[in-house]
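Novice: The structure is given below, and queries will be raised subsequently.
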Amino acid sequence: METVEMNSVSLKRSRSEDDVANADEIKRQKISGKSKTENDSGQSVETVAEQCDKSLLEDTKKETIPNEESEEQEDEELEGSDEDGDPESFADMMKHGLTESDVGITKFVSSHKGFSGILKERYSDFVVHEIGKDGRVSHLDDFSVPVDDEVNFEDPSEETFTVLSDEDKQRLEELQLLKNKETSVAIEVIEDTKEKRTVIHQAVKSLFPGLETKTEDRDGKKYIIAYHAAGKKALANPRKHSWPKSRGSYCHFVLYKENKDTMDAINVLSKFLRVKPNIFSYMGTKDKRAITVQEIAVLRITAQRLAHLNKCLMNFKLGNFSYKNHPLKLGELQGNHFTVVLRNITGTDDQIEQAMHSLREIGFINYYGMQRFGTTAVPTYQIGRAILQNNWNEVMDLILKPRPGAEKGYLVKCREEWAKTKDPAAALKKLPVKRCVEGQLLRGLLKYGMRNIISAFGIIPRNNRLMYIHSYQSYVWNNMVSRRIEEYGLRAVPGDLTLKGATAVHIEEGDVDNYTIHDVVMPLPGFDVIYPKHKIGEAYKEMLVADNLDINNMRHKIRDYSLSGAYRKIIIRPQNVNWEVVAYDDPRIPLFTTDLDKLEGKPLPVLPTDGKFRALKMEFSLPPSTYATMAIREVLKMDTSIKNQTQLNTTWLR
């Protein structure tokens, strides 16, 4: 295989231009609201308003999810705060971060010369559309609400959202969340008509699930009395008795969001709807720093209530509503379709053509991307390795010990206190954000004691715990795939593995001509996989032996941490690959129209034919669990690690 030198490329993200983009969005939607600044692992700083107009809801800071502790709400606000927004301090931190070579990402499959370009200069330069299990690409192209034959309290009129005063809403929310000793709230009916009373009844029941209402005469005046129907249990679910039997229990909709990851978006929606996040379901999580379009399902919330949020939320749009009898399940999607703009490219037309033809015809190495391994000086795979080694003192140490580079101030103080005292109570006092991994582990140590680290670690949510060992599997896989390509190049060889249905089999000498590199898979280590029969099979064993692990005994005494393993194609060839080079003068203008632009009839700006800059607009579809950044890496020949990008150009944060 030809060795290709990696090109130094700036992965620039311009804060000022993103602020301009966000200001344009605010102006376009004409929604006022208190902004909230977020810093996502230091990678992006965007202003996002998540606030409804006063006619519907209070300031989001007063919103809580039913049955959640106020401490958790405080954690959310602290987690979203920007304590470390200084570009230099973040660049200093990333000097201690990972590069691609640290996690085994070292090879390319194409022979073209790399060129520079700017990825995600604006978050709107990266657009993801989900591909459903039926192969249909999700698009937001319809805001209409389905019409039901039955009328019920869950289908409120527009007046429902404005009939209650801000004070009424505050009192009703406190009643709903059992925040005071009141057993009911009385709302005086100023204009006493049956129609007016009906609207108030409807508003209370629609906006505050779990509350019931009745009408009472008091001193010659009419009052609507709101009270709890079923105590705390009623807070968790929408009212079931009013849902028409003929309507599917789940409202499916397409969610269009900007610069927000899937779980953050669902948390926002659940707060405004006053329901718990677990009644939402989806097929896959999407990037934060992007525009993403995906299908969501929610249990017994009407399309009308969801559609009303379009008037209230910034950087979200909901549409394409339908009622179905089933939720969505993780992993059901076929993949994602990406539209990506690489700005200020320097490659010649010939270099670009070579790169894109190679991407379409050969593909890219299916590495696990850098986000799999964390951004700090303690990679997630190291913690995963310690778990598999059953070395629980090291697990605790890796999570809690001080680490080089800048971190949020309270984390630095917490780690310093831990290093000095090894006292979980003292360290926890330094940590206002209790729901982070460090806080959860410290709580566990307080509860179970320092001699029972396994139980203490078990307090961390299961998915977060498994993330560590999956990271270690990914680390091994990346390294082994690089070794495989180094040793045998881009052809199938005897001893490689391929899939026959769901079963892996070895490629035999006599059959090797029937296979290509695109048929070859390699295993993630586990107790239920087989390994290649050539040198790389031995390399797996050697790597695990060096890590004090036995490849023939990947079962852990704690069942959750037993690795069964899996198979993954080593080369992915994207589908539906298209590209064009466009010229532009203003880096702030969009270079293609989004679903929302099309719905609003917003035309694409007229671009100059001889602009100062050139951009590469590329489109492609990928299967689930593959990384678009790895495809872009192959095109540009770039190191996608944040460490490398900040060393090359710290101005991307400004």
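Going by the structure tokens order, chains are called A, B, ..., each with residues numbered from 1, while ligands are numbered from 1 in the order shown.
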Report as a ChimeraX atom specification all protein, DNA and RNA residues lying within 10 Å of region 340-357 of chain A, evaluated on only C-alpha atoms, omitting residues in the same chain fewer than 2 positions from it.

Specialist: /A:9,11-12,110-128,290,337-338,359-363,577-584,587,590-592,612-620,628,632,634-637

Novice: Can you pull out the residues contacting Lys317 (chain A)? Cut-off 10 Å, using only C-alpha atoms, and skip same-chain residues under 2 positions away; I want them as a ChimeraX atom specification.

Specialist: /A:140,143,254-258,293,306-307,309-315,319,596

Novice: Determine which residues of region 408-595 of chain A DSSP labels as strand (DSSP E) from the backbone of this structure, then write them out as a list in words.

Specialist: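 Output for region 408-595 of chain A, strand (DSSP E) only: Leu497, Thr498, Leu499, Lys500, Thr503, Ala504, Val505, His506, Val520, Val521, Met522, Pro523, Leu524, Ala566, Tyr567, Arg568, Lys569, Ile571, Ile572, Gln575, Asn576, Val577, Asn578, Trp579, Glu580, Val581, Val582, Ala583 and Tyr584 of chain A.
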
Novice: From the list A:Gly565, A:Pro624, A:Pro605, A:Pro574, which residue is nearest Gly526 (chain A) when using only C-alpha atoms?

Specialist: A:Gly565

Novice: Please list as a PyMOL selection string every residue within 8 Å of region 171-173 of chain A, counting only C-alpha atoms and excluding residues in the same chain fewer than 4 positions away.

Specialist: chain A and resi 167+177+185+204+208+226

Novice: Next, write the just-selected residues to a file, as a compact mmCIF listing (two decimals), in the first residue's frame, keeping C-alpha atoms as the atom set.

Specialist:
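Dumped to again.txt:
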```
# COMPACT_ATOMS: atom_id res chain seq x y z
CA GLU A 167 -49.47 33.91 37.97
CA LEU A 177 -45.08 19.36 41.16
CA VAL A 185 -55.72 26.12 43.12
CA VAL A 204 -55.39 23.31 32.93
CA PHE A 208 -50.62 20.39 33.49
CA ALA A 226 -57.66 22.52 40.01
```

Novice: When you draw a straight line from CA of Leu549 (chain A) to CA of Val103 (chain A), how long is it in Å?

Specialist: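 Straight-line distance from CA of Leu549 (chain A) to CA of Val103 (chain A) works out to 18.2 Å.
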
Novice: Residues at most 8 Å from Leu441 (chain A), counting only C-alpha atoms, excluding those fewer than 2 positions away in the same chain, as a list of chain:residue names?

Specialist: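 My list of contacting residues is A:Met396, A:Val437, A:Glu438, A:Gly439, A:Arg443, A:Gly444, A:Leu445, A:Ala456, A:Phe457, A:Ile459, A:Ile460.
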
Novice: Please produce an output containing N, CA and C atoms for each residue in the selection, written as a PDB file, in the first residue's frame.

Specialist:
```pdb
ATOM      1  N   MET A 396     -11.232   3.881  39.856  1.00  0.00           N
ATOM      2  CA  MET A 396     -11.531   5.028  40.722  1.00  0.00           C
ATOM      3  C   MET A 396     -10.497   6.131  40.531  1.00  0.00           C
ATOM      4  N   VAL A 437     -20.091  12.174  36.038  1.00  0.00           N
ATOM      5  CA  VAL A 437     -19.565  10.857  36.420  1.00  0.00           C
ATOM      6  C   VAL A 437     -18.808  10.939  37.740  1.00  0.00           C
ATOM      7  N   GLU A 438     -17.984  11.990  37.909  1.00  0.00           N
ATOM      8  CA  GLU A 438     -17.223  12.144  39.151  1.00  0.00           C
ATOM      9  C   GLU A 438     -18.153  12.241  40.353  1.00  0.00           C
ATOM     10  N   GLY A 439     -19.208  13.047  40.207  1.00  0.00           N
ATOM     11  CA  GLY A 439     -20.152  13.206  41.308  1.00  0.00           C
ATOM     12  C   GLY A 439     -20.886  11.916  41.635  1.00  0.00           C
ATOM     13  N   ARG A 443     -20.672   9.886  45.170  1.00  0.00           N
ATOM     14  CA  ARG A 443     -21.880   9.525  45.910  1.00  0.00           C
ATOM     15  C   ARG A 443     -21.885   8.030  46.230  1.00  0.00           C
ATOM     16  N   GLY A 444     -21.474   7.235  45.248  1.00  0.00           N
ATOM     17  CA  GLY A 444     -21.416   5.793  45.456  1.00  0.00           C
ATOM     18  C   GLY A 444     -20.428   5.414  46.541  1.00  0.00           C
ATOM     19  N   LEU A 445     -19.274   6.088  46.554  1.00  0.00           N
ATOM     20  CA  LEU A 445     -18.268   5.805  47.584  1.00  0.00           C
ATOM     21  C   LEU A 445     -18.774   6.195  48.968  1.00  0.00           C
ATOM     22  N   ALA A 456     -20.037   1.138  44.263  1.00  0.00           N
ATOM     23  CA  ALA A 456     -20.014   2.597  44.101  1.00  0.00           C
ATOM     24  C   ALA A 456     -20.029   2.971  42.624  1.00  0.00           C
ATOM     25  N   PHE A 457     -19.216   2.274  41.835  1.00  0.00           N
ATOM     26  CA  PHE A 457     -19.170   2.522  40.390  1.00  0.00           C
ATOM     27  C   PHE A 457     -20.515   2.193  39.743  1.00  0.00           C
ATOM     28  N   ILE A 459     -23.386   2.914  40.633  1.00  0.00           N
ATOM     29  CA  ILE A 459     -24.350   4.019  40.707  1.00  0.00           C
ATOM     30  C   ILE A 459     -24.377   4.807  39.395  1.00  0.00           C
ATOM     31  N   ILE A 460     -23.250   4.830  38.693  1.00  0.00           N
ATOM     32  CA  ILE A 460     -23.195   5.514  37.395  1.00  0.00           C
ATOM     33  C   ILE A 460     -24.156   4.805  36.450  1.00  0.00           C
TER      34      ILE A 460
END
```

Novice: Could you write out, as a list in words, all the residues of region 168-233 of chain A that DSSP marks as helix (DSSP H, G or I)?

Specialist: Asp168, Lys169, Gln170, Arg171, Leu172, Glu173, Glu174, Leu175, Gln176, Lys194, Glu195, Lys196, Arg197, Thr198, Val199, Ile200, His201, Gln202, Ala203, Val204, Lys205, Ser206, Leu207 and Lys233 of chain A

Novice: I need the residues from that last selection saved to file as a PDB file, in the first residue's frame (with C-alpha atoms), if you can.

Specialist:
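Output file again09.pdb is given in full below:
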```
ATOM      1  CA  ASP A 168     -52.039  31.143  37.356  1.00  0.00           C
ATOM      2  CA  LYS A 169     -49.435  29.058  35.549  1.00  0.00           C
ATOM      3  CA  GLN A 170     -46.930  29.503  38.347  1.00  0.00           C
ATOM      4  CA  ARG A 171     -49.434  28.401  40.994  1.00  0.00           C
ATOM      5  CA  LEU A 172     -50.629  25.464  38.893  1.00  0.00           C
ATOM      6  CA  GLU A 173     -47.087  24.311  38.259  1.00  0.00           C
ATOM      7  CA  GLU A 174     -46.283  24.401  41.973  1.00  0.00           C
ATOM      8  CA  LEU A 175     -49.444  22.394  42.632  1.00  0.00           C
ATOM      9  CA  GLN A 176     -48.619  19.900  39.875  1.00  0.00           C
ATOM     10  CA  LYS A 194     -69.863  28.196  29.634  1.00  0.00           C
ATOM     11  CA  GLU A 195     -67.451  28.634  26.723  1.00  0.00           C
ATOM     12  CA  LYS A 196     -64.955  30.535  28.875  1.00  0.00           C
ATOM     13  CA  ARG A 197     -65.139  27.942  31.652  1.00  0.00           C
ATOM     14  CA  THR A 198     -64.596  25.143  29.110  1.00  0.00           C
ATOM     15  CA  VAL A 199     -61.460  26.798  27.778  1.00  0.00           C
ATOM     16  CA  ILE A 200     -60.017  27.164  31.299  1.00  0.00           C
ATOM     17  CA  HIS A 201     -60.794  23.519  32.094  1.00  0.00           C
ATOM     18  CA  GLN A 202     -59.142  22.548  28.834  1.00  0.00           C
ATOM     19  CA  ALA A 203     -56.066  24.715  29.457  1.00  0.00           C
ATOM     20  CA  VAL A 204     -55.391  23.310  32.934  1.00  0.00           C
ATOM     21  CA  LYS A 205     -55.767  19.678  31.863  1.00  0.00           C
ATOM     22  CA  SER A 206     -53.753  20.103  28.688  1.00  0.00           C
ATOM     23  CA  LEU A 207     -50.845  22.090  30.085  1.00  0.00           C
ATOM     24  CA  LYS A 233     -48.194   8.918  39.859  1.00  0.00           C
TER      25      LYS A 233
END
```
